[in-house]
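Colleague: Got start.pdb for you, PDB, C-alpha atoms, pLDDT in the B column:
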MODEL        1
ATOM      1  CA  MET A   1      10.763 -17.459 -17.732  1.00 92.00           C
ATOM      2  CA  LYS A   2       8.809 -14.457 -19.028  1.00 96.00           C
ATOM      3  CA  ILE A   3       7.007 -12.267 -16.518  1.00 96.00           C
ATOM      4  CA  VAL A   4       4.610  -9.379 -17.126  1.00 97.00           C
ATOM      5  CA  VAL A   5       3.804  -6.952 -14.320  1.00 97.00           C
ATOM      6  CA  CYS A   6       0.834  -4.591 -14.504  1.00 96.00           C
ATOM      7  CA  ILE A   7       1.535  -1.279 -12.793  1.00 96.00           C
ATOM      8  CA  LYS A   8      -0.456   1.926 -12.383  1.00 94.00           C
ATOM      9  CA  GLN A   9       0.359   5.570 -11.800  1.00 92.00           C
ATOM     10  CA  VAL A  10      -1.800   6.886  -8.956  1.00 90.00           C
ATOM     11  CA  PRO A  11      -2.080  10.143  -7.024  1.00 85.00           C
ATOM     12  CA  ASP A  12      -0.339  10.029  -3.655  1.00 80.00           C
ATOM     13  CA  THR A  13      -3.404   9.581  -1.449  1.00 68.00           C
ATOM     14  CA  THR A  14      -1.693  11.209   1.528  1.00 66.00           C
ATOM     15  CA  GLU A  15      -2.032  14.451  -0.436  1.00 62.00           C
ATOM     16  CA  ILE A  16      -5.546  13.966  -1.817  1.00 64.00           C
ATOM     17  CA  LYS A  17      -8.281  16.590  -1.503  1.00 67.00           C
ATOM     18  CA  LEU A  18     -11.802  16.658  -2.930  1.00 67.00           C
ATOM     19  CA  ASP A  19     -13.496  19.580  -4.640  1.00 66.00           C
ATOM     20  CA  PRO A  20     -16.402  20.429  -2.289  1.00 65.00           C
ATOM     21  CA  VAL A  21     -18.584  21.535  -5.219  1.00 65.00           C
ATOM     22  CA  THR A  22     -18.003  18.790  -7.805  1.00 57.00           C
ATOM     23  CA  GLY A  23     -16.998  15.986  -5.435  1.00 58.00           C
ATOM     24  CA  THR A  24     -14.097  15.036  -7.734  1.00 57.00           C
ATOM     25  CA  LEU A  25     -10.417  14.612  -6.906  1.00 61.00           C
ATOM     26  CA  ILE A  26      -8.277  17.730  -7.042  1.00 65.00           C
ATOM     27  CA  ARG A  27      -5.251  16.446  -8.970  1.00 62.00           C
ATOM     28  CA  ASP A  28      -3.475  19.743  -9.585  1.00 65.00           C
ATOM     29  CA  GLY A  29      -0.312  19.876  -7.562  1.00 65.00           C
ATOM     30  CA  VAL A  30      -0.765  16.324  -6.265  1.00 72.00           C
ATOM     31  CA  PRO A  31       2.309  14.124  -6.809  1.00 82.00           C
ATOM     32  CA  SER A  32       1.874  10.859  -8.711  1.00 88.00           C
ATOM     33  CA  ILE A  33       3.532   7.610  -7.653  1.00 91.00           C
ATOM     34  CA  MET A  34       3.690   3.974  -8.655  1.00 94.00           C
ATOM     35  CA  ASN A  35       0.881   2.143  -6.893  1.00 92.00           C
ATOM     36  CA  PRO A  36       2.393   0.469  -3.777  1.00 93.00           C
ATOM     37  CA  ASP A  37       0.911  -3.007  -4.315  1.00 94.00           C
ATOM     38  CA  ASP A  38       2.080  -2.906  -7.944  1.00 95.00           C
ATOM     39  CA  LYS A  39       5.577  -1.984  -6.816  1.00 95.00           C
ATOM     40  CA  GLY A  40       5.494  -4.981  -4.475  1.00 95.00           C
ATOM     41  CA  GLY A  41       4.496  -7.194  -7.403  1.00 95.00           C
ATOM     42  CA  LEU A  42       7.324  -5.707  -9.460  1.00 96.00           C
ATOM     43  CA  GLU A  43       9.808  -6.580  -6.717  1.00 96.00           C
ATOM     44  CA  PHE A  44       8.614 -10.203  -6.743  1.00 96.00           C
ATOM     45  CA  ALA A  45       9.252 -10.278 -10.503  1.00 96.00           C
ATOM     46  CA  LEU A  46      12.702  -8.725 -10.167  1.00 96.00           C
ATOM     47  CA  GLN A  47      13.659 -11.234  -7.486  1.00 96.00           C
ATOM     48  CA  LEU A  48      12.713 -14.018  -9.904  1.00 96.00           C
ATOM     49  CA  LYS A  49      14.831 -12.288 -12.525  1.00 96.00           C
ATOM     50  CA  ASP A  50      17.773 -12.215 -10.101  1.00 95.00           C
ATOM     51  CA  GLN A  51      17.369 -15.915  -9.275  1.00 94.00           C
ATOM     52  CA  TYR A  52      16.327 -17.443 -12.588  1.00 94.00           C
ATOM     53  CA  GLY A  53      17.203 -14.896 -15.274  1.00 93.00           C
ATOM     54  CA  ALA A  54      13.549 -14.081 -15.972  1.00 94.00           C
ATOM     55  CA  HIS A  55      12.648 -11.470 -18.577  1.00 96.00           C
ATOM     56  CA  VAL A  56      10.406  -8.811 -16.997  1.00 97.00           C
ATOM     57  CA  THR A  57       7.967  -6.608 -18.906  1.00 97.00           C
ATOM     58  CA  VAL A  58       5.891  -3.867 -17.281  1.00 97.00           C
ATOM     59  CA  ILE A  59       2.659  -2.566 -18.761  1.00 97.00           C
ATOM     60  CA  THR A  60       0.466   0.328 -17.698  1.00 96.00           C
ATOM     61  CA  MET A  61      -2.643   2.049 -19.007  1.00 95.00           C
ATOM     62  CA  GLY A  62      -2.854   5.805 -18.715  1.00 91.00           C
ATOM     63  CA  PRO A  63      -2.067   9.202 -20.209  1.00 91.00           C
ATOM     64  CA  PRO A  64       1.403  10.029 -21.599  1.00 93.00           C
ATOM     65  CA  GLN A  65       2.648  11.205 -18.180  1.00 91.00           C
ATOM     66  CA  ALA A  66       2.364   7.601 -16.952  1.00 93.00           C
ATOM     67  CA  GLU A  67       5.716   7.158 -18.704  1.00 94.00           C
ATOM     68  CA  ALA A  68       7.256   8.308 -15.412  1.00 93.00           C
ATOM     69  CA  ILE A  69       6.531   5.039 -13.608  1.00 95.00           C
ATOM     70  CA  LEU A  70       7.754   3.041 -16.579  1.00 96.00           C
ATOM     71  CA  ARG A  71      11.077   4.908 -16.374  1.00 95.00           C
ATOM     72  CA  GLU A  72      11.117   4.150 -12.650  1.00 95.00           C
ATOM     73  CA  ALA A  73      10.562   0.468 -13.434  1.00 95.00           C
ATOM     74  CA  TYR A  74      13.445   0.557 -15.912  1.00 96.00           C
ATOM     75  CA  ALA A  75      15.640   2.089 -13.211  1.00 95.00           C
ATOM     76  CA  MET A  76      14.686  -0.789 -10.912  1.00 95.00           C
ATOM     77  CA  GLY A  77      15.726  -3.375 -13.493  1.00 94.00           C
ATOM     78  CA  VAL A  78      12.936  -4.349 -15.906  1.00 95.00           C
ATOM     79  CA  ASP A  79      13.628  -5.304 -19.522  1.00 95.00           C
ATOM     80  CA  ARG A  80      10.662  -3.896 -21.439  1.00 96.00           C
ATOM     81  CA  ALA A  81       7.993  -1.239 -20.869  1.00 97.00           C
ATOM     82  CA  ILE A  82       4.621  -0.760 -22.597  1.00 97.00           C
ATOM     83  CA  LEU A  83       2.230   2.179 -22.237  1.00 97.00           C
ATOM     84  CA  LEU A  84      -1.404   1.680 -23.278  1.00 96.00           C
ATOM     85  CA  SER A  85      -2.570   5.186 -24.109  1.00 94.00           C
ATOM     86  CA  ASP A  86      -5.490   6.304 -26.239  1.00 93.00           C
ATOM     87  CA  ARG A  87      -8.427   8.637 -25.730  1.00 92.00           C
ATOM     88  CA  LYS A  88     -10.701   5.666 -26.368  1.00 91.00           C
ATOM     89  CA  PHE A  89      -9.393   4.097 -23.147  1.00 92.00           C
ATOM     90  CA  GLY A  90     -10.409   7.136 -21.061  1.00 88.00           C
ATOM     91  CA  GLY A  91     -13.155   7.008 -18.439  1.00 86.00           C
ATOM     92  CA  ALA A  92     -12.787   3.272 -17.919  1.00 86.00           C
ATOM     93  CA  ASP A  93     -14.063   1.539 -14.807  1.00 89.00           C
ATOM     94  CA  THR A  94     -12.456  -1.689 -13.604  1.00 91.00           C
ATOM     95  CA  LEU A  95     -14.235  -3.882 -16.165  1.00 94.00           C
ATOM     96  CA  ALA A  96     -13.281  -1.712 -19.131  1.00 93.00           C
ATOM     97  CA  THR A  97      -9.745  -1.370 -17.782  1.00 94.00           C
ATOM     98  CA  SER A  98      -9.335  -5.125 -17.448  1.00 94.00           C
ATOM     99  CA  ASN A  99     -10.768  -5.665 -20.940  1.00 94.00           C
ATOM    100  CA  THR A 100      -8.198  -3.262 -22.399  1.00 96.00           C
ATOM    101  CA  ILE A 101      -5.218  -4.689 -20.521  1.00 96.00           C
ATOM    102  CA  ALA A 102      -6.262  -8.289 -21.228  1.00 96.00           C
ATOM    103  CA  ALA A 103      -6.483  -7.482 -24.942  1.00 95.00           C
ATOM    104  CA  ALA A 104      -2.922  -6.164 -24.869  1.00 96.00           C
ATOM    105  CA  LEU A 105      -1.681  -9.153 -22.899  1.00 97.00           C
ATOM    106  CA  ARG A 106      -3.005 -11.525 -25.541  1.00 95.00           C
ATOM    107  CA  SER A 107      -0.273 -10.127 -27.794  1.00 94.00           C
ATOM    108  CA  LEU A 108       2.451 -11.000 -25.268  1.00 95.00           C
ATOM    109  CA  GLU A 109       4.012 -14.284 -24.292  1.00 94.00           C
ATOM    110  CA  PHE A 110       4.382 -14.828 -20.558  1.00 96.00           C
ATOM    111  CA  ASP A 111       4.579 -17.539 -17.946  1.00 96.00           C
ATOM    112  CA  LEU A 112       3.555 -15.349 -15.022  1.00 96.00           C
ATOM    113  CA  LEU A 113       1.407 -12.238 -14.779  1.00 97.00           C
ATOM    114  CA  ILE A 114       1.611 -10.160 -11.609  1.00 97.00           C
ATOM    115  CA  THR A 115      -0.643  -7.277 -10.635  1.00 95.00           C
ATOM    116  CA  GLY A 116      -1.013  -5.398  -7.393  1.00 93.00           C
ATOM    117  CA  ARG A 117      -3.833  -6.460  -5.115  1.00 93.00           C
ATOM    118  CA  GLN A 118      -5.518  -3.065  -5.550  1.00 90.00           C
ATOM    119  CA  ALA A 119      -4.823   0.545  -6.464  1.00 90.00           C
ATOM    120  CA  ILE A 120      -4.872   3.140  -3.712  1.00 86.00           C
ATOM    121  CA  ASP A 121      -7.017   5.521  -5.792  1.00 82.00           C
ATOM    122  CA  GLY A 122      -9.857   3.015  -6.045  1.00 79.00           C
ATOM    123  CA  ASP A 123      -9.297   0.147  -3.580  1.00 81.00           C
ATOM    124  CA  THR A 124     -11.528  -2.216  -5.567  1.00 89.00           C
ATOM    125  CA  ALA A 125      -9.096  -5.151  -5.928  1.00 90.00           C
ATOM    126  CA  GLN A 126     -11.009  -6.106  -9.084  1.00 92.00           C
ATOM    127  CA  VAL A 127      -8.735  -5.523 -12.087  1.00 94.00           C
ATOM    128  CA  GLY A 128      -6.212  -8.313 -11.426  1.00 94.00           C
ATOM    129  CA  PRO A 129      -8.839 -11.052 -10.937  1.00 95.00           C
ATOM    130  CA  GLN A 130     -10.845  -9.756 -13.899  1.00 96.00           C
ATOM    131  CA  ILE A 131      -7.791  -9.971 -16.161  1.00 96.00           C
ATOM    132  CA  ALA A 132      -7.244 -13.567 -15.031  1.00 96.00           C
ATOM    133  CA  GLU A 133     -10.851 -14.384 -15.903  1.00 96.00           C
ATOM    134  CA  HIS A 134     -10.615 -12.716 -19.328  1.00 95.00           C
ATOM    135  CA  LEU A 135      -7.485 -14.756 -20.080  1.00 96.00           C
ATOM    136  CA  ASP A 136      -8.869 -17.957 -18.508  1.00 96.00           C
ATOM    137  CA  LEU A 137      -5.822 -18.336 -16.248  1.00 97.00           C
ATOM    138  CA  PRO A 138      -5.595 -19.683 -12.692  1.00 96.00           C
ATOM    139  CA  GLN A 139      -5.105 -16.947 -10.135  1.00 96.00           C
ATOM    140  CA  VAL A 140      -3.901 -16.526  -6.566  1.00 96.00           C
ATOM    141  CA  THR A 141      -4.805 -13.250  -4.864  1.00 96.00           C
ATOM    142  CA  TYR A 142      -3.356 -11.468  -1.813  1.00 96.00           C
ATOM    143  CA  VAL A 143       0.102 -12.959  -2.319  1.00 95.00           C
ATOM    144  CA  GLU A 144       2.488 -12.335   0.599  1.00 94.00           C
ATOM    145  CA  SER A 145       5.415 -14.431  -0.641  1.00 94.00           C
ATOM    146  CA  LEU A 146       6.280 -16.974  -3.302  1.00 95.00           C
ATOM    147  CA  THR A 147       8.888 -19.543  -4.234  1.00 94.00           C
ATOM    148  CA  PHE A 148       9.548 -21.205  -7.584  1.00 95.00           C
ATOM    149  CA  ASP A 149      10.773 -24.747  -8.194  1.00 93.00           C
ATOM    150  CA  GLY A 150      12.769 -23.691 -11.264  1.00 90.00           C
ATOM    151  CA  ASN A 151      10.480 -25.622 -13.574  1.00 92.00           C
ATOM    152  CA  LYS A 152       6.825 -24.577 -13.648  1.00 93.00           C
ATOM    153  CA  THR A 153       5.405 -24.686 -10.115  1.00 96.00           C
ATOM    154  CA  PHE A 154       5.035 -21.826  -7.643  1.00 96.00           C
ATOM    155  CA  THR A 155       4.360 -22.237  -3.946  1.00 96.00           C
ATOM    156  CA  VAL A 156       2.525 -19.148  -2.761  1.00 95.00           C
ATOM    157  CA  LYS A 157       1.665 -17.782   0.678  1.00 95.00           C
ATOM    158  CA  LYS A 158      -1.782 -16.218   0.366  1.00 95.00           C
ATOM    159  CA  SER A 159      -3.010 -13.821   3.044  1.00 93.00           C
ATOM    160  CA  MET A 160      -6.426 -14.618   4.530  1.00 91.00           C
ATOM    161  CA  GLU A 161      -8.578 -12.750   7.038  1.00 87.00           C
ATOM    162  CA  ASP A 162      -7.786 -15.269   9.754  1.00 86.00           C
ATOM    163  CA  GLY A 163      -4.301 -16.429   8.739  1.00 91.00           C
ATOM    164  CA  TYR A 164      -2.526 -17.736   5.667  1.00 93.00           C
ATOM    165  CA  GLN A 165      -3.062 -20.359   2.995  1.00 94.00           C
ATOM    166  CA  MET A 166      -0.248 -22.134   1.146  1.00 96.00           C
ATOM    167  CA  VAL A 167      -1.104 -22.737  -2.500  1.00 94.00           C
ATOM    168  CA  GLN A 168       0.737 -24.497  -5.314  1.00 96.00           C
ATOM    169  CA  VAL A 169       0.010 -23.430  -8.883  1.00 95.00           C
ATOM    170  CA  ASP A 170       1.608 -24.156 -12.253  1.00 96.00           C
ATOM    171  CA  THR A 171       2.434 -21.581 -14.895  1.00 94.00           C
ATOM    172  CA  PRO A 172       0.938 -19.800 -16.728  1.00 95.00           C
ATOM    173  CA  CYS A 173      -0.895 -18.087 -13.900  1.00 96.00           C
ATOM    174  CA  VAL A 174      -1.793 -14.734 -12.344  1.00 97.00           C
ATOM    175  CA  PHE A 175      -0.838 -13.366  -8.914  1.00 96.00           C
ATOM    176  CA  THR A 176      -2.092 -10.230  -7.185  1.00 96.00           C
ATOM    177  CA  ALA A 177       0.557  -9.020  -4.760  1.00 95.00           C
ATOM    178  CA  LEU A 178       0.484  -7.281  -1.402  1.00 95.00           C
ATOM    179  CA  ALA A 179       2.923  -4.433  -0.783  1.00 92.00           C
ATOM    180  CA  SER A 180       3.317  -5.674   2.791  1.00 90.00           C
ATOM    181  CA  GLY A 181       4.842  -8.933   1.594  1.00 87.00           C
ATOM    182  CA  VAL A 182       8.086  -7.514   0.208  1.00 90.00           C
ATOM    183  CA  LYS A 183      10.292  -4.433   0.378  1.00 92.00           C
ATOM    184  CA  PRO A 184      10.796  -2.994  -3.121  1.00 91.00           C
ATOM    185  CA  ARG A 185      14.373  -2.230  -4.092  1.00 91.00           C
ATOM    186  CA  TYR A 186      15.594   1.294  -4.659  1.00 90.00           C
ATOM    187  CA  MET A 187      16.389   2.487  -8.144  1.00 90.00           C
ATOM    188  CA  SER A 188      20.117   2.139  -8.784  1.00 86.00           C
ATOM    189  CA  VAL A 189      22.154   5.173  -9.784  1.00 89.00           C
ATOM    190  CA  ARG A 190      23.149   3.432 -13.003  1.00 89.00           C
ATOM    191  CA  GLY A 191      19.533   2.442 -13.574  1.00 90.00           C
ATOM    192  CA  ILE A 192      18.354   6.026 -13.177  1.00 92.00           C
ATOM    193  CA  VAL A 193      20.981   7.247 -15.637  1.00 88.00           C
ATOM    194  CA  GLU A 194      20.137   4.563 -18.191  1.00 91.00           C
ATOM    195  CA  ALA A 195      16.338   4.623 -17.733  1.00 91.00           C
ATOM    196  CA  TYR A 196      15.920   7.338 -20.356  1.00 90.00           C
ATOM    197  CA  ASN A 197      17.954   5.391 -22.903  1.00 91.00           C
ATOM    198  CA  HIS A 198      15.442   2.549 -22.958  1.00 93.00           C
ATOM    199  CA  PRO A 199      12.451   2.625 -25.322  1.00 93.00           C
ATOM    200  CA  ILE A 200       8.884   2.865 -24.092  1.00 95.00           C
ATOM    201  CA  GLU A 201       6.431   1.234 -26.480  1.00 95.00           C
ATOM    202  CA  THR A 202       3.162   3.149 -26.769  1.00 96.00           C
ATOM    203  CA  TRP A 203       0.225   1.006 -27.814  1.00 95.00           C
ATOM    204  CA  THR A 204      -3.040   2.607 -28.897  1.00 95.00           C
ATOM    205  CA  TYR A 205      -6.470   1.189 -29.679  1.00 94.00           C
ATOM    206  CA  ASN A 206      -5.216   0.262 -33.144  1.00 93.00           C
ATOM    207  CA  ASP A 207      -2.455  -1.917 -31.682  1.00 93.00           C
ATOM    208  CA  ILE A 208      -4.728  -4.274 -29.764  1.00 94.00           C
ATOM    209  CA  SER A 209      -7.700  -6.384 -30.735  1.00 92.00           C
ATOM    210  CA  VAL A 210     -10.703  -5.399 -28.622  1.00 93.00           C
ATOM    211  CA  ASP A 211     -14.328  -4.396 -29.184  1.00 90.00           C
ATOM    212  CA  ASP A 212     -14.632  -0.632 -28.684  1.00 88.00           C
ATOM    213  CA  GLN A 213     -17.897  -1.255 -26.821  1.00 90.00           C
ATOM    214  CA  LYS A 214     -15.909  -3.012 -24.084  1.00 92.00           C
ATOM    215  CA  ILE A 215     -13.416  -0.249 -23.329  1.00 92.00           C
ATOM    216  CA  GLY A 216     -13.449   3.324 -22.035  1.00 90.00           C
ATOM    217  CA  LEU A 217     -16.781   4.892 -21.114  1.00 88.00           C
ATOM    218  CA  ASN A 218     -18.657   2.677 -23.590  1.00 86.00           C
ATOM    219  CA  GLY A 219     -17.533  -0.455 -21.750  1.00 88.00           C
ATOM    220  CA  SER A 220     -18.001   0.885 -18.225  1.00 88.00           C
ATOM    221  CA  PRO A 221     -21.236  -0.127 -16.481  1.00 89.00           C
ATOM    222  CA  THR A 222     -20.092   1.634 -13.291  1.00 84.00           C
ATOM    223  CA  ARG A 223     -20.922   5.301 -12.738  1.00 76.00           C
ATOM    224  CA  VAL A 224     -19.714   7.293  -9.725  1.00 73.00           C
ATOM    225  CA  PHE A 225     -22.589   9.437  -8.473  1.00 72.00           C
ATOM    226  CA  LYS A 226     -20.652  11.450  -5.907  1.00 70.00           C
ATOM    227  CA  SER A 227     -17.394  11.449  -3.953  1.00 69.00           C
ATOM    228  CA  PHE A 228     -16.971  13.144  -0.601  1.00 66.00           C
ATOM    229  CA  THR A 229     -14.663  13.195   2.374  1.00 66.00           C
ATOM    230  CA  LYS A 230     -15.763  11.550   5.578  1.00 67.00           C
ATOM    231  CA  GLY A 231     -17.263  14.043   7.997  1.00 68.00           C
ATOM    232  CA  VAL A 232     -15.905  14.599  11.472  1.00 68.00           C
ATOM    233  CA  LYS A 233     -17.863  12.771  14.139  1.00 72.00           C
ATOM    234  CA  ALA A 234     -19.110  14.628  17.176  1.00 73.00           C
ATOM    235  CA  ALA A 235     -17.637  13.676  20.530  1.00 76.00           C
ATOM    236  CA  GLY A 236     -19.364  10.703  22.136  1.00 80.00           C
ATOM    237  CA  GLN A 237     -21.103  10.702  25.503  1.00 83.00           C
ATOM    238  CA  ILE A 238     -19.888   8.439  28.300  1.00 87.00           C
ATOM    239  CA  TYR A 239     -22.334   6.900  30.773  1.00 88.00           C
ATOM    240  CA  GLU A 240     -21.163   5.310  34.006  1.00 89.00           C
ATOM    241  CA  VAL A 241     -24.195   3.197  34.918  1.00 89.00           C
ATOM    242  CA  ASP A 242     -25.093  -0.357  35.845  1.00 90.00           C
ATOM    243  CA  PRO A 243     -25.895  -2.893  33.080  1.00 90.00           C
ATOM    244  CA  ALA A 244     -29.679  -2.662  33.458  1.00 89.00           C
ATOM    245  CA  GLU A 245     -29.662   1.114  33.097  1.00 91.00           C
ATOM    246  CA  ALA A 246     -27.227   0.842  30.179  1.00 91.00           C
ATOM    247  CA  VAL A 247     -29.722  -1.339  28.318  1.00 91.00           C
ATOM    248  CA  ASP A 248     -32.453   1.289  28.765  1.00 90.00           C
ATOM    249  CA  ILE A 249     -30.116   4.018  27.478  1.00 90.00           C
ATOM    250  CA  ILE A 250     -29.129   1.972  24.414  1.00 90.00           C
ATOM    251  CA  ILE A 251     -32.765   1.187  23.572  1.00 90.00           C
ATOM    252  CA  GLY A 252     -33.677   4.841  23.992  1.00 88.00           C
ATOM    253  CA  LYS A 253     -30.906   5.932  21.612  1.00 86.00           C
ATOM    254  CA  LEU A 254     -31.935   3.358  19.018  1.00 88.00           C
ATOM    255  CA  LYS A 255     -35.505   4.627  19.172  1.00 87.00           C
ATOM    256  CA  GLU A 256     -34.284   8.194  18.682  1.00 85.00           C
ATOM    257  CA  LYS A 257     -32.582   7.071  15.467  1.00 78.00           C
ATOM    258  CA  PHE A 258     -35.714   5.160  14.376  1.00 74.00           C
ATOM    259  CA  ILE A 259     -33.691   1.939  14.318  1.00 71.00           C
ATOM    260  CA  ILE A 260     -36.214   0.131  16.507  1.00 65.00           C
TER     261      ILE A 260
ENDMDL
END
Could I get this file's structure written as structure tokens?
Modeller:
Amino acid sequence: MKIVVCIKQVPDTTEIKLDPVTGTLIRDGVPSIMNPDDKGGLEFALQLKDQYGAHVTVITMGPPQAEAILREAYAMGVDRAILLSDRKFGGADTLATSNTIAAALRSLEFDLLITGRQAIDGDTAQVGPQIAEHLDLPQVTYVESLTFDGNKTFTVKKSMEDGYQMVQVDTPCVFTALASGVKPRYMSVRGIVEAYNHPIETWTYNDISVDDQKIGLNGSPTRVFKSFTKGVKAAGQIYEVDPAEAVDIIIGKLKEKFII
């Protein structure tokens, strides 16, 4: 079995601050990490490698410093790492990102593609499903757990708003994984030592077949107008009144806000 896992380097959102003037993220001094949902998807792949001898490839799109998470993936046990890096890829929204990654994936053979459900620096949950659509592959999103029959069929536990759904799907297919569904393994000491001995393949625009009008800023219909932190709410007012009086108060407040 051949598995490809899409991972992303993201800023640690517990340390994020916004520039009050420009409304953009202040990245200086902010540590970067492997996106948690992606790391969960990577653990699913490595468990399949442990059980069935799968070959695991990780791929990421980003600047040269994204090599760090590929080294981390090597230290966890992957077999191959690919970095998509080119100035033409810069400024991409989710559609342009998925177009770029899908173009690269067309050059790879795989039975299973795993992505994280969403990245913590965007929370769109769009790239994984978009890749599946570009590649015309069946997809199961919000994957909490999975089992494999050793042949070609996966049984997947899919998280829903009101419970779970059990789904069976044959390879090739795409899963988007939830970090809550699995505990990623630690990097081994030997893996850390050997991570820098493994090659990282850097693919540029010239290494994939994609229309340059579908990638980077040219291929991004989304534009962010402004980003800002949520303001602090003023303390609420508590009324201890009977229901009839409460109704009058609520109606009065709604009228003050021109809601009714």
Colleague: Quick one: distance from atom CA of A:Gln65 to atom CA of A:Asp212 in Å, one decimal?
Modeller: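 That distance, rounded to one decimal, is 23.4 Å.
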Colleague: Given the file shown, determine the residues that the PyMOL selection byres ((chain A and resi 145-149) around 12) selects; report them as a PyMOL selection string.
Modeller: chain A and resi 1+40-41+43-45+47-49+51-52+54+112+114+140-144+150-159+164-171+175-183
Colleague: Please work out which residues fall within 10 Å of (-5.0, 3.7, -12.3), coordinates as given in the file, with all atoms listed in the file counting, and return them as a PyMOL selection string.
Modeller: chain A and resi 7-11+34-35+60-62+66+92-94+97+118-122+127
Colleague: Would you export the selected residues with C-alpha atoms as a short mmCIF file (atom, residue, chain, number, x, y, z; two decimals), in the coordinates of the input, please?
Modeller:
data_model
loop_
_atom_site.label_atom_id
_atom_site.label_comp_id
_atom_site.auth_asym_id
_atom_site.auth_seq_id
_atom_site.Cartn_x
_atom_site.Cartn_y
_atom_site.Cartn_z
CA ILE A 7 1.54 -1.28 -12.79
CA LYS A 8 -0.46 1.93 -12.38
CA GLN A 9 0.36 5.57 -11.80
CA VAL A 10 -1.80 6.89 -8.96
CA PRO A 11 -2.08 10.14 -7.02
CA MET A 34 3.69 3.97 -8.65
CA ASN A 35 0.88 2.14 -6.89
CA THR A 60 0.47 0.33 -17.70
CA MET A 61 -2.64 2.05 -19.01
CA GLY A 62 -2.85 5.80 -18.72
CA ALA A 66 2.36 7.60 -16.95
CA ALA A 92 -12.79 3.27 -17.92
CA ASP A 93 -14.06 1.54 -14.81
CA THR A 94 -12.46 -1.69 -13.60
CA THR A 97 -9.74 -1.37 -17.78
CA GLN A 118 -5.52 -3.06 -5.55
CA ALA A 119 -4.82 0.55 -6.46
CA ILE A 120 -4.87 3.14 -3.71
CA ASP A 121 -7.02 5.52 -5.79
CA GLY A 122 -9.86 3.02 -6.04
CA VAL A 127 -8.74 -5.52 -12.09
#
Colleague: Choose the residue, out of A:Gly236, A:Pro199, A:Pro36, A:Pro221, that has the smallest atom-to-atom separation from A:Gly116; count all atoms listed in the file.
Modeller: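 Ranking A:Gly236, A:Pro199, A:Pro36, A:Pro221 by distance to A:Gly116, first place goes to A:Pro36.
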Colleague: Please list, as a PyMOL selection string, the residues that have an atom at most 7 Å away from (2.8, 12.9, -3.6) in the coordinates of this file, counting all atoms listed in the file.
Modeller: chain A and resi 11-12+15+30-33
Colleague: For each of A:Val4, A:Pro172, A:Asn218, A:Gln213, take the minimum atom-to-atom distance to A:Arg80, counting only C-alpha atoms, then give the residue where this is smallest.
Modeller: A:Val4
Colleague: Run through the PyMOL selection byres ((chain A and resi 189) around 12) on the given coordinates and return the selected residues as a ChimeraX atom specification.
Modeller: /A:72,74-77,186-188,190-195
Colleague: Work out how far atom CA of A:Leu217 is from atom CA of A:Ile200, in Å to one decimal.
Modeller: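 So the answer is 25.9 Å.
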Colleague: Work out how far atom CA of A:Asp38 is from atom CA of A:Met160, in Å to one decimal.
Modeller: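 Interatomic distance, atom CA of A:Met160 to atom CA of A:Asp38: 19.1 Å.
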Colleague: Given the file above and the PyMOL selection byres ((chain A and resi 58) around 6), which residues are selected, and can you give them as a ChimeraX atom specification?
Modeller: /A:4-6,57,59,81
Colleague: Can you write just those residues out, C-alpha atoms, as a PDB file, in the coordinates of the input?
Modeller:
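Dumped to again39.pdb:
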ATOM      1  CA  VAL A   4       4.610  -9.379 -17.126  1.00 97.00           C
ATOM      2  CA  VAL A   5       3.804  -6.952 -14.320  1.00 97.00           C
ATOM      3  CA  CYS A   6       0.834  -4.591 -14.504  1.00 96.00           C
ATOM      4  CA  THR A  57       7.967  -6.608 -18.906  1.00 97.00           C
ATOM      5  CA  ILE A  59       2.659  -2.566 -18.761  1.00 97.00           C
ATOM      6  CA  ALA A  81       7.993  -1.239 -20.869  1.00 97.00           C
TER       7      ALA A  81
END
Colleague: Using only C-alpha atoms, which residues sit within 9 Å of A:Asp86 once same-chain residues fewer than 3 positions away are excluded, as a CSV table (one decimal) with C-alpha atoms, in the coordinates of the input?
Modeller:
chain,number,residue,atom,x,y,z
A,61,MET,CA,-2.6,2.0,-19.0
A,62,GLY,CA,-2.9,5.8,-18.7
A,63,PRO,CA,-2.1,9.2,-20.2
A,89,PHE,CA,-9.4,4.1,-23.1
A,90,GLY,CA,-10.4,7.1,-21.1
A,203,TRP,CA,0.2,1.0,-27.8
A,204,THR,CA,-3.0,2.6,-28.9
A,205,TYR,CA,-6.5,1.2,-29.7
Colleague: Write out as lines of an AutoDock Vina configuration file an axis-aligned box for stretch 48-60 of chain A: all of its atoms listed in the file, 6 Å added on each side, centre and edge lengths in Å with one decimal.
Modeller:
center_x = 9.1
center_y = -8.6
center_z = -14.1
size_x = 29.3
size_y = 29.8
size_z = 21.6
Colleague: For a quick check of understanding, using all atoms listed in the file, which of A:Asp242, A:Leu70, A:His55, A:Lys39 has the smallest distance to A:Tyr196?
Modeller: A:Leu70
Colleague: Skip A:Ala104 itself and residues of its chain fewer than 2 positions away, then list as a ChimeraX atom specification all residues within 9 Å of it, counting only C-alpha atoms.
Modeller: /A:84,99-102,106-108,203,207-210
Colleague: Would you mind telling me which residue in A:Ala235, A:Val174, A:Ile259, A:Ile3 lies nearest to A:Arg117 when using only C-alpha atoms?
Modeller: A:Val174
Colleague: So, counting only C-alpha atoms, which residue among A:Glu256, A:Asp136, A:Ile251, A:Gly216 is closest to A:Arg87?
Modeller: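 The shortest atom-to-atom distance to A:Arg87 comes from A:Gly216.
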